[in-house]
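Colleague: Below is one structure. I have some questions about it.
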Amino acid sequence: LPWVIGVKTPAEIEKMRASGALARKVLDLAGRAVKPGVTTNELDEIVHQASLEAGAYPSPLNYHGFPKSCCTSVNEVICHGIPDDRTLQLGEIINIDITCYLDGFHGDCSEMFVVGDVSDCPPSSRDLIQTTYDCWLQSMEFVAPGRDYKDIGAIIEDYVTPRGFTTVKNFCGHGIGRVFHTNPNIYHYRNNEPNGQMAPGHTFTIEPMICEGTNKGLLWPDEWTVTTQDGKRTAQFEHTLLVTPDGVEALTGKLESSPLQFWEKESEVHKGV
């Protein structure tokens, strides 16, 4: 039943804080390596080694046959891009999606990165990333006990649509903990799904995928990579979240050492980390 959602114990929450913090640390490491001429295979190797050195396992590796330790989604890739030997080019944008399995629990997060300096990023892509980040922030600010999970989607769709963007409907956020993907499903568009109400101890992800053009996807023959049908760019952010008695905690939130990105500096919703 989609409204039956597990509640984490205090001990389990502490373990999820640890796995979430590690996922953020690994994501920051991979993000710092993004530059022209670097391959996504090289980013994957950084993620793989950092996860193992921390005593964790990269959750994507061999998950339903996925062949790598992270997802690297460049430009028009909506999600599940498989790292390979293609080099990153100046002005491109990339989402790196990290999940670490540590001490029995998964921590899952993703972030956008620009290849090169901010000035190398086309204005349209800057707008796309900023809008994606801000709709994501707004949706997380909604999280509190007693609220319906289904209402997250309307917040996202109502923010991006007037700004000329679309939100992907084929993929969703999810509950997370001992299991990588579980209840509740988090839809990033207006919906009426009976996905239950938020309660303290729930852990889940919000991870909107926002597109410059169509939100329709094209599945590649590798059976993982999904791109926009029109080839226009797309962006995504993701946190593992904990519902607390008085709101929400980002278990994959940024560390003091995390880089400050332009969309955090220029956000209309919340400036800074």
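Numbering starts fresh at 1 for the residues of each chain in the structure tokens, the chains themselves are lettered A, B, ... in the order given, and ligands are numbered from 1 as they appear.
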Using DSSP secondary structure from the backbone, list all strand (DSSP E or B) positions within stretch 5-251 of chain A, as a PyMOL selection string.
Modeller: chain A and resi 39+57-58+71-74+77-79+87+93-102+105-114+148+166-167+173-175+182-186+197+203-206+209-211+217-219+226-228+234-236+238-244+247-250
Colleague: Do a neighbour search on A:Leu1 at 10 Å with only C-alpha atoms, toss out local chain neighbours closer than 6 positions, and write the hits as a list in words.
Modeller: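 What passes the distance filter is Asn183, Pro184, Pro194, Asn195 and Gly196 of chain A.
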Colleague: For C-alpha atoms, I'd like the residues from the last selection saved as an mmCIF file, in the first residue's frame.
Modeller:
data_model
loop_
_atom_site.group_PDB
_atom_site.id
_atom_site.type_symbol
_atom_site.label_atom_id
_atom_site.label_comp_id
_atom_site.auth_asym_id
_atom_site.auth_seq_id
_atom_site.Cartn_x
_atom_site.Cartn_y
_atom_site.Cartn_z
ATOM 1 C CA ASN A 183 7.481 4.088 -0.085
ATOM 2 C CA PRO A 184 6.542 6.848 -0.516
ATOM 3 C CA PRO A 194 -2.746 8.485 -2.134
ATOM 4 C CA ASN A 195 0.861 8.527 -0.977
ATOM 5 C CA GLY A 196 0.211 9.188 2.680
#
Colleague: Just the residues within 12 Å of A:Glu238, please, counting only C-alpha atoms, with nothing from its chain fewer than 3 positions along; format it as a PDB file with all heavy atoms, in the first residue's frame.
Modeller:
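Listing of selection_18.pdb after writing:
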ATOM      1  N   GLY A  20      24.217   9.723   4.819  1.00  0.00           N
ATOM      2  CA  GLY A  20      23.933  10.944   4.076  1.00  0.00           C
ATOM      3  C   GLY A  20      25.126  11.880   4.032  1.00  0.00           C
ATOM      4  O   GLY A  20      25.436  12.461   2.983  1.00  0.00           O
ATOM      5  N   ALA A  23      27.599  10.475   1.554  1.00  0.00           N
ATOM      6  CA  ALA A  23      27.177  10.712   0.176  1.00  0.00           C
ATOM      7  C   ALA A  23      27.483  12.147  -0.246  1.00  0.00           C
ATOM      8  O   ALA A  23      27.957  12.404  -1.359  1.00  0.00           O
ATOM      9  CB  ALA A  23      25.690  10.406   0.024  1.00  0.00           C
ATOM     10  N   ARG A  24      27.243  13.099   0.644  1.00  0.00           N
ATOM     11  CA  ARG A  24      27.566  14.500   0.340  1.00  0.00           C
ATOM     12  C   ARG A  24      29.064  14.691   0.151  1.00  0.00           C
ATOM     13  O   ARG A  24      29.486  15.373  -0.793  1.00  0.00           O
ATOM     14  CB  ARG A  24      27.054  15.383   1.490  1.00  0.00           C
ATOM     15  CG  ARG A  24      27.604  16.803   1.523  1.00  0.00           C
ATOM     16  CD  ARG A  24      27.401  17.552   0.227  1.00  0.00           C
ATOM     17  NE  ARG A  24      26.008  17.585  -0.166  1.00  0.00           N
ATOM     18  CZ  ARG A  24      25.582  18.099  -1.331  1.00  0.00           C
ATOM     19  NH1 ARG A  24      26.456  18.581  -2.207  1.00  0.00           N
ATOM     20  NH2 ARG A  24      24.301  18.088  -1.633  1.00  0.00           N
ATOM     21  N   LEU A  27      29.985  13.287  -3.186  1.00  0.00           N
ATOM     22  CA  LEU A  27      29.473  14.154  -4.250  1.00  0.00           C
ATOM     23  C   LEU A  27      30.346  15.390  -4.413  1.00  0.00           C
ATOM     24  O   LEU A  27      30.663  15.804  -5.539  1.00  0.00           O
ATOM     25  CB  LEU A  27      28.033  14.549  -3.942  1.00  0.00           C
ATOM     26  CG  LEU A  27      27.339  15.494  -4.928  1.00  0.00           C
ATOM     27  CD1 LEU A  27      27.346  14.942  -6.344  1.00  0.00           C
ATOM     28  CD2 LEU A  27      25.904  15.781  -4.469  1.00  0.00           C
ATOM     29  N   CYS A  79      18.297  11.526 -16.648  1.00  0.00           N
ATOM     30  CA  CYS A  79      18.752  10.764 -15.484  1.00  0.00           C
ATOM     31  C   CYS A  79      19.404   9.460 -15.931  1.00  0.00           C
ATOM     32  O   CYS A  79      19.292   9.055 -17.090  1.00  0.00           O
ATOM     33  CB  CYS A  79      17.599  10.451 -14.523  1.00  0.00           C
ATOM     34  SG  CYS A  79      16.266   9.476 -15.240  1.00  0.00           S
ATOM     35  N   ASN A  95      24.785  16.594 -14.079  1.00  0.00           N
ATOM     36  CA  ASN A  95      24.278  16.175 -12.782  1.00  0.00           C
ATOM     37  C   ASN A  95      25.027  14.912 -12.367  1.00  0.00           C
ATOM     38  O   ASN A  95      25.142  13.969 -13.144  1.00  0.00           O
ATOM     39  CB  ASN A  95      22.775  15.873 -12.840  1.00  0.00           C
ATOM     40  CG  ASN A  95      22.242  15.333 -11.512  1.00  0.00           C
ATOM     41  OD1 ASN A  95      22.285  14.131 -11.251  1.00  0.00           O
ATOM     42  ND2 ASN A  95      21.742  16.234 -10.683  1.00  0.00           N
ATOM     43  N   ILE A  96      25.562  14.936 -11.151  1.00  0.00           N
ATOM     44  CA  ILE A  96      26.201  13.751 -10.583  1.00  0.00           C
ATOM     45  C   ILE A  96      25.311  13.250  -9.457  1.00  0.00           C
ATOM     46  O   ILE A  96      24.980  14.005  -8.536  1.00  0.00           O
ATOM     47  CB  ILE A  96      27.609  14.052 -10.062  1.00  0.00           C
ATOM     48  CG1 ILE A  96      28.476  14.666 -11.178  1.00  0.00           C
ATOM     49  CG2 ILE A  96      28.265  12.783  -9.527  1.00  0.00           C
ATOM     50  CD1 ILE A  96      29.866  15.078 -10.717  1.00  0.00           C
ATOM     51  N   ASP A  97      24.916  11.988  -9.548  1.00  0.00           N
ATOM     52  CA  ASP A  97      23.984  11.385  -8.587  1.00  0.00           C
ATOM     53  C   ASP A  97      24.725  10.301  -7.803  1.00  0.00           C
ATOM     54  O   ASP A  97      25.208   9.327  -8.379  1.00  0.00           O
ATOM     55  CB  ASP A  97      22.792  10.791  -9.340  1.00  0.00           C
ATOM     56  CG  ASP A  97      21.633  10.438  -8.410  1.00  0.00           C
ATOM     57  OD1 ASP A  97      21.861  10.256  -7.204  1.00  0.00           O
ATOM     58  OD2 ASP A  97      20.501  10.324  -8.911  1.00  0.00           O
ATOM     59  N   ILE A  98      24.812  10.502  -6.490  1.00  0.00           N
ATOM     60  CA  ILE A  98      25.601   9.639  -5.605  1.00  0.00           C
ATOM     61  C   ILE A  98      24.692   8.964  -4.582  1.00  0.00           C
ATOM     62  O   ILE A  98      23.848   9.623  -3.979  1.00  0.00           O
ATOM     63  CB  ILE A  98      26.650  10.469  -4.830  1.00  0.00           C
ATOM     64  CG1 ILE A  98      27.557  11.245  -5.783  1.00  0.00           C
ATOM     65  CG2 ILE A  98      27.444   9.580  -3.878  1.00  0.00           C
ATOM     66  CD1 ILE A  98      28.437  10.392  -6.636  1.00  0.00           C
ATOM     67  N   THR A  99      24.884   7.676  -4.385  1.00  0.00           N
ATOM     68  CA  THR A  99      24.258   6.984  -3.253  1.00  0.00           C
ATOM     69  C   THR A  99      25.303   6.095  -2.600  1.00  0.00           C
ATOM     70  O   THR A  99      25.960   5.302  -3.278  1.00  0.00           O
ATOM     71  CB  THR A  99      23.050   6.134  -3.685  1.00  0.00           C
ATOM     72  OG1 THR A  99      22.166   6.922  -4.475  1.00  0.00           O
ATOM     73  CG2 THR A  99      22.302   5.628  -2.455  1.00  0.00           C
ATOM     74  N   GLY A 107      22.352   6.621   1.629  1.00  0.00           N
ATOM     75  CA  GLY A 107      22.260   8.075   1.572  1.00  0.00           C
ATOM     76  C   GLY A 107      22.351   8.496   0.116  1.00  0.00           C
ATOM     77  O   GLY A 107      23.289   8.103  -0.581  1.00  0.00           O
ATOM     78  N   ASP A 108      21.407   9.296  -0.367  1.00  0.00           N
ATOM     79  CA  ASP A 108      21.230   9.545  -1.802  1.00  0.00           C
ATOM     80  C   ASP A 108      21.135  11.045  -2.056  1.00  0.00           C
ATOM     81  O   ASP A 108      20.304  11.735  -1.444  1.00  0.00           O
ATOM     82  CB  ASP A 108      19.947   8.832  -2.252  1.00  0.00           C
ATOM     83  CG  ASP A 108      19.740   8.827  -3.753  1.00  0.00           C
ATOM     84  OD1 ASP A 108      20.600   9.332  -4.498  1.00  0.00           O
ATOM     85  OD2 ASP A 108      18.702   8.296  -4.186  1.00  0.00           O
ATOM     86  N   CYS A 109      21.983  11.572  -2.951  1.00  0.00           N
ATOM     87  CA  CYS A 109      21.920  12.998  -3.278  1.00  0.00           C
ATOM     88  C   CYS A 109      22.480  13.245  -4.679  1.00  0.00           C
ATOM     89  O   CYS A 109      23.244  12.438  -5.213  1.00  0.00           O
ATOM     90  CB  CYS A 109      22.685  13.838  -2.263  1.00  0.00           C
ATOM     91  SG  CYS A 109      24.415  13.379  -2.024  1.00  0.00           S
ATOM     92  N   SER A 110      22.087  14.367  -5.262  1.00  0.00           N
ATOM     93  CA  SER A 110      22.665  14.764  -6.549  1.00  0.00           C
ATOM     94  C   SER A 110      22.715  16.275  -6.643  1.00  0.00           C
ATOM     95  O   SER A 110      22.003  16.986  -5.923  1.00  0.00           O
ATOM     96  CB  SER A 110      21.865  14.174  -7.729  1.00  0.00           C
ATOM     97  OG  SER A 110      20.738  14.958  -8.042  1.00  0.00           O
ATOM     98  N   GLU A 111      23.564  16.753  -7.531  1.00  0.00           N
ATOM     99  CA  GLU A 111      23.752  18.196  -7.697  1.00  0.00           C
ATOM    100  C   GLU A 111      24.220  18.472  -9.112  1.00  0.00           C
ATOM    101  O   GLU A 111      24.796  17.610  -9.773  1.00  0.00           O
ATOM    102  CB  GLU A 111      24.778  18.713  -6.681  1.00  0.00           C
ATOM    103  CG  GLU A 111      24.930  20.225  -6.670  1.00  0.00           C
ATOM    104  CD  GLU A 111      25.816  20.706  -5.520  1.00  0.00           C
ATOM    105  OE1 GLU A 111      26.130  19.897  -4.627  1.00  0.00           O
ATOM    106  OE2 GLU A 111      26.185  21.885  -5.528  1.00  0.00           O
ATOM    107  N   MET A 112      23.976  19.704  -9.544  1.00  0.00           N
ATOM    108  CA  MET A 112      24.450  20.149 -10.854  1.00  0.00           C
ATOM    109  C   MET A 112      25.846  20.761 -10.729  1.00  0.00           C
ATOM    110  O   MET A 112      26.205  21.341  -9.701  1.00  0.00           O
ATOM    111  CB  MET A 112      23.500  21.199 -11.435  1.00  0.00           C
ATOM    112  CG  MET A 112      22.097  20.697 -11.700  1.00  0.00           C
ATOM    113  SD  MET A 112      22.022  19.280 -12.837  1.00  0.00           S
ATOM    114  CE  MET A 112      22.722  20.015 -14.323  1.00  0.00           C
ATOM    115  N   THR A 132      15.427  25.144 -11.395  1.00  0.00           N
ATOM    116  CA  THR A 132      15.366  23.801 -10.815  1.00  0.00           C
ATOM    117  C   THR A 132      15.726  23.839  -9.337  1.00  0.00           C
ATOM    118  O   THR A 132      15.038  23.234  -8.495  1.00  0.00           O
ATOM    119  CB  THR A 132      16.316  22.851 -11.566  1.00  0.00           C
ATOM    120  OG1 THR A 132      15.997  22.859 -12.963  1.00  0.00           O
ATOM    121  CG2 THR A 132      16.204  21.425 -11.034  1.00  0.00           C
ATOM    122  N   TYR A 133      16.781  24.557  -9.016  1.00  0.00           N
ATOM    123  CA  TYR A 133      17.218  24.661  -7.619  1.00  0.00           C
ATOM    124  C   TYR A 133      16.141  25.325  -6.759  1.00  0.00           C
ATOM    125  O   TYR A 133      15.819  24.842  -5.660  1.00  0.00           O
ATOM    126  CB  TYR A 133      18.517  25.455  -7.557  1.00  0.00           C
ATOM    127  CG  TYR A 133      19.052  25.645  -6.153  1.00  0.00           C
ATOM    128  CD1 TYR A 133      19.649  24.592  -5.466  1.00  0.00           C
ATOM    129  CD2 TYR A 133      18.956  26.876  -5.516  1.00  0.00           C
ATOM    130  CE1 TYR A 133      20.130  24.760  -4.176  1.00  0.00           C
ATOM    131  CE2 TYR A 133      19.442  27.057  -4.231  1.00  0.00           C
ATOM    132  CZ  TYR A 133      20.026  25.996  -3.566  1.00  0.00           C
ATOM    133  OH  TYR A 133      20.504  26.164  -2.290  1.00  0.00           O
ATOM    134  N   CYS A 135      12.831  25.673  -7.260  1.00  0.00           N
ATOM    135  CA  CYS A 135      11.600  24.893  -7.082  1.00  0.00           C
ATOM    136  C   CYS A 135      11.839  23.761  -6.091  1.00  0.00           C
ATOM    137  O   CYS A 135      10.956  23.400  -5.303  1.00  0.00           O
ATOM    138  CB  CYS A 135      11.071  24.365  -8.415  1.00  0.00           C
ATOM    139  SG  CYS A 135      11.863  22.864  -9.068  1.00  0.00           S
ATOM    140  N   TRP A 136      13.035  23.210  -6.128  1.00  0.00           N
ATOM    141  CA  TRP A 136      13.430  22.145  -5.192  1.00  0.00           C
ATOM    142  C   TRP A 136      13.455  22.679  -3.762  1.00  0.00           C
ATOM    143  O   TRP A 136      12.928  22.045  -2.839  1.00  0.00           O
ATOM    144  CB  TRP A 136      14.785  21.626  -5.635  1.00  0.00           C
ATOM    145  CG  TRP A 136      15.441  20.553  -4.843  1.00  0.00           C
ATOM    146  CD1 TRP A 136      14.973  19.290  -4.604  1.00  0.00           C
ATOM    147  CD2 TRP A 136      16.740  20.623  -4.230  1.00  0.00           C
ATOM    148  NE1 TRP A 136      15.900  18.571  -3.878  1.00  0.00           N
ATOM    149  CE2 TRP A 136      16.990  19.372  -3.637  1.00  0.00           C
ATOM    150  CE3 TRP A 136      17.714  21.618  -4.152  1.00  0.00           C
ATOM    151  CZ2 TRP A 136      18.180  19.082  -2.955  1.00  0.00           C
ATOM    152  CZ3 TRP A 136      18.893  21.331  -3.475  1.00  0.00           C
ATOM    153  CH2 TRP A 136      19.113  20.080  -2.883  1.00  0.00           C
ATOM    154  N   LEU A 137      14.042  23.866  -3.568  1.00  0.00           N
ATOM    155  CA  LEU A 137      14.058  24.478  -2.241  1.00  0.00           C
ATOM    156  C   LEU A 137      12.641  24.714  -1.723  1.00  0.00           C
ATOM    157  O   LEU A 137      12.332  24.417  -0.565  1.00  0.00           O
ATOM    158  CB  LEU A 137      14.803  25.811  -2.281  1.00  0.00           C
ATOM    159  CG  LEU A 137      16.321  25.809  -2.317  1.00  0.00           C
ATOM    160  CD1 LEU A 137      16.835  27.240  -2.173  1.00  0.00           C
ATOM    161  CD2 LEU A 137      16.932  24.924  -1.244  1.00  0.00           C
ATOM    162  N   SER A 139       9.924  23.171  -2.493  1.00  0.00           N
ATOM    163  CA  SER A 139       9.254  21.909  -2.165  1.00  0.00           C
ATOM    164  C   SER A 139       9.752  21.357  -0.828  1.00  0.00           C
ATOM    165  O   SER A 139       8.974  20.782  -0.059  1.00  0.00           O
ATOM    166  CB  SER A 139       9.465  20.887  -3.286  1.00  0.00           C
ATOM    167  OG  SER A 139      10.811  20.438  -3.354  1.00  0.00           O
ATOM    168  N   MET A 140      11.033  21.539  -0.529  1.00  0.00           N
ATOM    169  CA  MET A 140      11.561  21.047   0.742  1.00  0.00           C
ATOM    170  C   MET A 140      11.060  21.886   1.919  1.00  0.00           C
ATOM    171  O   MET A 140      10.849  21.358   3.014  1.00  0.00           O
ATOM    172  CB  MET A 140      13.087  21.025   0.703  1.00  0.00           C
ATOM    173  CG  MET A 140      13.656  19.942  -0.214  1.00  0.00           C
ATOM    174  SD  MET A 140      15.440  19.710  -0.056  1.00  0.00           S
ATOM    175  CE  MET A 140      16.052  21.249  -0.740  1.00  0.00           C
ATOM    176  N   CYS A 172      10.515   9.600 -10.272  1.00  0.00           N
ATOM    177  CA  CYS A 172      10.038  10.232  -9.038  1.00  0.00           C
ATOM    178  C   CYS A 172      11.051  10.079  -7.918  1.00  0.00           C
ATOM    179  O   CYS A 172      11.997   9.283  -7.997  1.00  0.00           O
ATOM    180  CB  CYS A 172       8.700   9.611  -8.618  1.00  0.00           C
ATOM    181  SG  CYS A 172       8.777   7.843  -8.235  1.00  0.00           S
ATOM    182  N   GLY A 173      10.844  10.865  -6.857  1.00  0.00           N
ATOM    183  CA  GLY A 173      11.574  10.657  -5.630  1.00  0.00           C
ATOM    184  C   GLY A 173      11.022   9.444  -4.914  1.00  0.00           C
ATOM    185  O   GLY A 173      10.035   8.833  -5.353  1.00  0.00           O
ATOM    186  N   HIS A 174      11.605   9.103  -3.753  1.00  0.00           N
ATOM    187  CA  HIS A 174      11.273   7.812  -3.162  1.00  0.00           C
ATOM    188  C   HIS A 174      11.661   7.770  -1.687  1.00  0.00           C
ATOM    189  O   HIS A 174      12.543   8.496  -1.231  1.00  0.00           O
ATOM    190  CB  HIS A 174      12.025   6.705  -3.906  1.00  0.00           C
ATOM    191  CG  HIS A 174      13.505   6.956  -4.013  1.00  0.00           C
ATOM    192  ND1 HIS A 174      14.405   6.559  -3.047  1.00  0.00           N
ATOM    193  CD2 HIS A 174      14.241   7.607  -4.964  1.00  0.00           C
ATOM    194  CE1 HIS A 174      15.627   6.930  -3.413  1.00  0.00           C
ATOM    195  NE2 HIS A 174      15.563   7.576  -4.566  1.00  0.00           N
ATOM    196  N   ILE A 186       7.513  10.037  -4.595  1.00  0.00           N
ATOM    197  CA  ILE A 186       7.386  11.502  -4.571  1.00  0.00           C
ATOM    198  C   ILE A 186       7.309  11.993  -6.008  1.00  0.00           C
ATOM    199  O   ILE A 186       8.313  12.027  -6.729  1.00  0.00           O
ATOM    200  CB  ILE A 186       8.579  12.156  -3.848  1.00  0.00           C
ATOM    201  CG1 ILE A 186       8.782  11.550  -2.459  1.00  0.00           C
ATOM    202  CG2 ILE A 186       8.381  13.667  -3.780  1.00  0.00           C
ATOM    203  CD1 ILE A 186       7.624  11.736  -1.506  1.00  0.00           C
ATOM    204  N   HIS A 188       6.870  14.756  -8.928  1.00  0.00           N
ATOM    205  CA  HIS A 188       7.302  16.150  -9.054  1.00  0.00           C
ATOM    206  C   HIS A 188       6.372  16.949  -9.960  1.00  0.00           C
ATOM    207  O   HIS A 188       6.794  17.873 -10.652  1.00  0.00           O
ATOM    208  CB  HIS A 188       8.737  16.196  -9.591  1.00  0.00           C
ATOM    209  CG  HIS A 188       9.698  15.391  -8.766  1.00  0.00           C
ATOM    210  ND1 HIS A 188      10.359  14.294  -9.259  1.00  0.00           N
ATOM    211  CD2 HIS A 188      10.086  15.508  -7.465  1.00  0.00           C
ATOM    212  CE1 HIS A 188      11.124  13.774  -8.308  1.00  0.00           C
ATOM    213  NE2 HIS A 188      10.978  14.495  -7.210  1.00  0.00           N
ATOM    214  N   PHE A 204      13.025  10.216   2.911  1.00  0.00           N
ATOM    215  CA  PHE A 204      12.660  10.126   1.495  1.00  0.00           C
ATOM    216  C   PHE A 204      13.470  11.153   0.710  1.00  0.00           C
ATOM    217  O   PHE A 204      14.162  11.996   1.291  1.00  0.00           O
ATOM    218  CB  PHE A 204      11.158  10.384   1.304  1.00  0.00           C
ATOM    219  CG  PHE A 204      10.719  11.779   1.673  1.00  0.00           C
ATOM    220  CD1 PHE A 204      10.530  12.741   0.697  1.00  0.00           C
ATOM    221  CD2 PHE A 204      10.515  12.135   2.998  1.00  0.00           C
ATOM    222  CE1 PHE A 204      10.140  14.031   1.027  1.00  0.00           C
ATOM    223  CE2 PHE A 204      10.127  13.417   3.344  1.00  0.00           C
ATOM    224  CZ  PHE A 204       9.940  14.364   2.354  1.00  0.00           C
ATOM    225  N   THR A 205      13.388  11.077  -0.606  1.00  0.00           N
ATOM    226  CA  THR A 205      14.080  12.036  -1.460  1.00  0.00           C
ATOM    227  C   THR A 205      13.097  12.902  -2.232  1.00  0.00           C
ATOM    228  O   THR A 205      12.003  12.467  -2.579  1.00  0.00           O
ATOM    229  CB  THR A 205      15.004  11.338  -2.483  1.00  0.00           C
ATOM    230  OG1 THR A 205      14.195  10.688  -3.485  1.00  0.00           O
ATOM    231  CG2 THR A 205      15.912  10.320  -1.815  1.00  0.00           C
ATOM    232  N   ILE A 206      13.497  14.137  -2.472  1.00  0.00           N
ATOM    233  CA  ILE A 206      12.860  14.994  -3.478  1.00  0.00           C
ATOM    234  C   ILE A 206      13.927  15.278  -4.519  1.00  0.00           C
ATOM    235  O   ILE A 206      15.030  15.703  -4.168  1.00  0.00           O
ATOM    236  CB  ILE A 206      12.328  16.304  -2.881  1.00  0.00           C
ATOM    237  CG1 ILE A 206      11.283  16.027  -1.783  1.00  0.00           C
ATOM    238  CG2 ILE A 206      11.712  17.181  -3.971  1.00  0.00           C
ATOM    239  CD1 ILE A 206      10.746  17.282  -1.099  1.00  0.00           C
ATOM    240  N   GLU A 207      13.626  15.037  -5.798  1.00  0.00           N
ATOM    241  CA  GLU A 207      14.652  15.119  -6.837  1.00  0.00           C
ATOM    242  C   GLU A 207      14.071  15.513  -8.193  1.00  0.00           C
ATOM    243  O   GLU A 207      14.106  14.749  -9.155  1.00  0.00           O
ATOM    244  CB  GLU A 207      15.385  13.788  -6.951  1.00  0.00           C
ATOM    245  CG  GLU A 207      14.489  12.550  -6.981  1.00  0.00           C
ATOM    246  CD  GLU A 207      15.275  11.256  -7.004  1.00  0.00           C
ATOM    247  OE1 GLU A 207      16.059  11.063  -7.948  1.00  0.00           O
ATOM    248  OE2 GLU A 207      15.111  10.447  -6.079  1.00  0.00           O
ATOM    249  N   PRO A 208      13.503  16.723  -8.303  1.00  0.00           N
ATOM    250  CA  PRO A 208      12.853  17.132  -9.548  1.00  0.00           C
ATOM    251  C   PRO A 208      13.815  17.180 -10.731  1.00  0.00           C
ATOM    252  O   PRO A 208      14.961  17.598 -10.597  1.00  0.00           O
ATOM    253  CB  PRO A 208      12.313  18.528  -9.223  1.00  0.00           C
ATOM    254  CG  PRO A 208      13.203  19.017  -8.121  1.00  0.00           C
ATOM    255  CD  PRO A 208      13.528  17.794  -7.306  1.00  0.00           C
ATOM    256  N   MET A 209      13.316  16.724 -11.871  1.00  0.00           N
ATOM    257  CA  MET A 209      14.040  16.800 -13.139  1.00  0.00           C
ATOM    258  C   MET A 209      13.295  17.806 -14.017  1.00  0.00           C
ATOM    259  O   MET A 209      12.149  17.548 -14.396  1.00  0.00           O
ATOM    260  CB  MET A 209      14.087  15.417 -13.798  1.00  0.00           C
ATOM    261  CG  MET A 209      15.002  14.442 -13.083  1.00  0.00           C
ATOM    262  SD  MET A 209      14.428  12.719 -13.125  1.00  0.00           S
ATOM    263  CE  MET A 209      13.398  12.677 -11.646  1.00  0.00           C
ATOM    264  N   ALA A 235      17.929  19.641 -15.856  1.00  0.00           N
ATOM    265  CA  ALA A 235      18.689  19.777 -14.614  1.00  0.00           C
ATOM    266  C   ALA A 235      17.961  19.073 -13.473  1.00  0.00           C
ATOM    267  O   ALA A 235      16.744  18.848 -13.537  1.00  0.00           O
ATOM    268  CB  ALA A 235      18.903  21.251 -14.268  1.00  0.00           C
ATOM    269  N   LEU A 241      15.949  13.337   2.795  1.00  0.00           N
ATOM    270  CA  LEU A 241      15.322  14.191   3.801  1.00  0.00           C
ATOM    271  C   LEU A 241      14.757  13.370   4.953  1.00  0.00           C
ATOM    272  O   LEU A 241      14.285  12.247   4.763  1.00  0.00           O
ATOM    273  CB  LEU A 241      14.190  15.005   3.169  1.00  0.00           C
ATOM    274  CG  LEU A 241      14.588  15.895   1.988  1.00  0.00           C
ATOM    275  CD1 LEU A 241      13.343  16.439   1.304  1.00  0.00           C
ATOM    276  CD2 LEU A 241      15.498  17.023   2.431  1.00  0.00           C
ATOM    277  N   ALA A 250      17.816  17.961   6.066  1.00  0.00           N
ATOM    278  CA  ALA A 250      18.472  17.397   4.889  1.00  0.00           C
ATOM    279  C   ALA A 250      19.641  16.535   5.358  1.00  0.00           C
ATOM    280  O   ALA A 250      20.671  17.061   5.790  1.00  0.00           O
ATOM    281  CB  ALA A 250      18.946  18.491   3.956  1.00  0.00           C
ATOM    282  N   LEU A 251      19.486  15.234   5.271  1.00  0.00           N
ATOM    283  CA  LEU A 251      20.530  14.328   5.736  1.00  0.00           C
ATOM    284  C   LEU A 251      21.744  14.342   4.816  1.00  0.00           C
ATOM    285  O   LEU A 251      22.821  13.905   5.213  1.00  0.00           O
ATOM    286  CB  LEU A 251      19.976  12.906   5.851  1.00  0.00           C
ATOM    287  CG  LEU A 251      18.817  12.730   6.840  1.00  0.00           C
ATOM    288  CD1 LEU A 251      18.326  11.288   6.828  1.00  0.00           C
ATOM    289  CD2 LEU A 251      19.227  13.142   8.244  1.00  0.00           C
ATOM    290  N   THR A 252      21.563  14.834   3.600  1.00  0.00           N
ATOM    291  CA  THR A 252      22.674  14.978   2.646  1.00  0.00           C
ATOM    292  C   THR A 252      23.006  16.449   2.436  1.00  0.00           C
ATOM    293  O   THR A 252      23.524  16.833   1.393  1.00  0.00           O
ATOM    294  CB  THR A 252      22.331  14.308   1.307  1.00  0.00           C
ATOM    295  OG1 THR A 252      21.036  14.769   0.864  1.00  0.00           O
ATOM    296  CG2 THR A 252      22.300  12.795   1.426  1.00  0.00           C
ATOM    297  N   GLY A 253      22.692  17.270   3.437  1.00  0.00           N
ATOM    298  CA  GLY A 253      22.950  18.698   3.331  1.00  0.00           C
ATOM    299  C   GLY A 253      24.432  19.012   3.185  1.00  0.00           C
ATOM    300  O   GLY A 253      25.304  18.192   3.486  1.00  0.00           O
ATOM    301  N   LYS A 254      24.718  20.206   2.745  1.00  0.00           N
ATOM    302  CA  LYS A 254      26.098  20.595   2.487  1.00  0.00           C
ATOM    303  C   LYS A 254      26.920  20.677   3.782  1.00  0.00           C
ATOM    304  O   LYS A 254      26.399  20.985   4.853  1.00  0.00           O
ATOM    305  CB  LYS A 254      26.134  21.928   1.743  1.00  0.00           C
ATOM    306  CG  LYS A 254      25.654  21.792   0.292  1.00  0.00           C
ATOM    307  CD  LYS A 254      26.313  22.804  -0.611  1.00  0.00           C
ATOM    308  CE  LYS A 254      26.229  22.372  -2.059  1.00  0.00           C
ATOM    309  NZ  LYS A 254      26.874  23.333  -2.957  1.00  0.00           N
TER     310      LYS A 254
END
Colleague: Using only C-alpha atoms, what does the table of stretch 171-194 of chain A residues within 12 Å of stretch 53-76 of chain A look like, with each row giving the shortest atom pair and its distance in Å to one decimal, sorted by chain and ascending number, as a tab-separated table?
Modeller:
residue	atom	partner	partner_atom	distance
A:Ile176	CA	A:Ser59	CA	11.8
A:Gly177	CA	A:Ser59	CA	11.8
A:Arg178	CA	A:Ser59	CA	11.2
A:Val179	CA	A:Ser59	CA	10.1
A:Phe180	CA	A:Ser59	CA	7.7
A:His181	CA	A:Ser59	CA	10.9
Colleague: Please provide as a list in words all residues within 9 Å of A:Lys216, with the sequence filter that same-chain residues fewer than 6 positions apart are discarded (counting only C-alpha atoms).
Modeller: Val168, Lys169, Asn170, Thr227, Thr228, Gln229 and Asp230 of chain A
Colleague: Contacts of A:Gly37 at 10 Å or less, counting only C-alpha atoms, minus same-chain residues fewer than 2 places along, as a list in words?
Modeller: Val34, Lys35, Thr39, Thr40, Arg86, Thr87, Leu88, Gln89, Leu90 and Val115 of chain A
Colleague: Can you tell me which residues surround A:Asp120 at a distance of at most 12 Å, considering only C-alpha atoms, apart from same-chain residues fewer than 4 positions away, and format the answer as a ChimeraX atom specification?
Modeller: /A:35-36,89-93,113-116,124-126
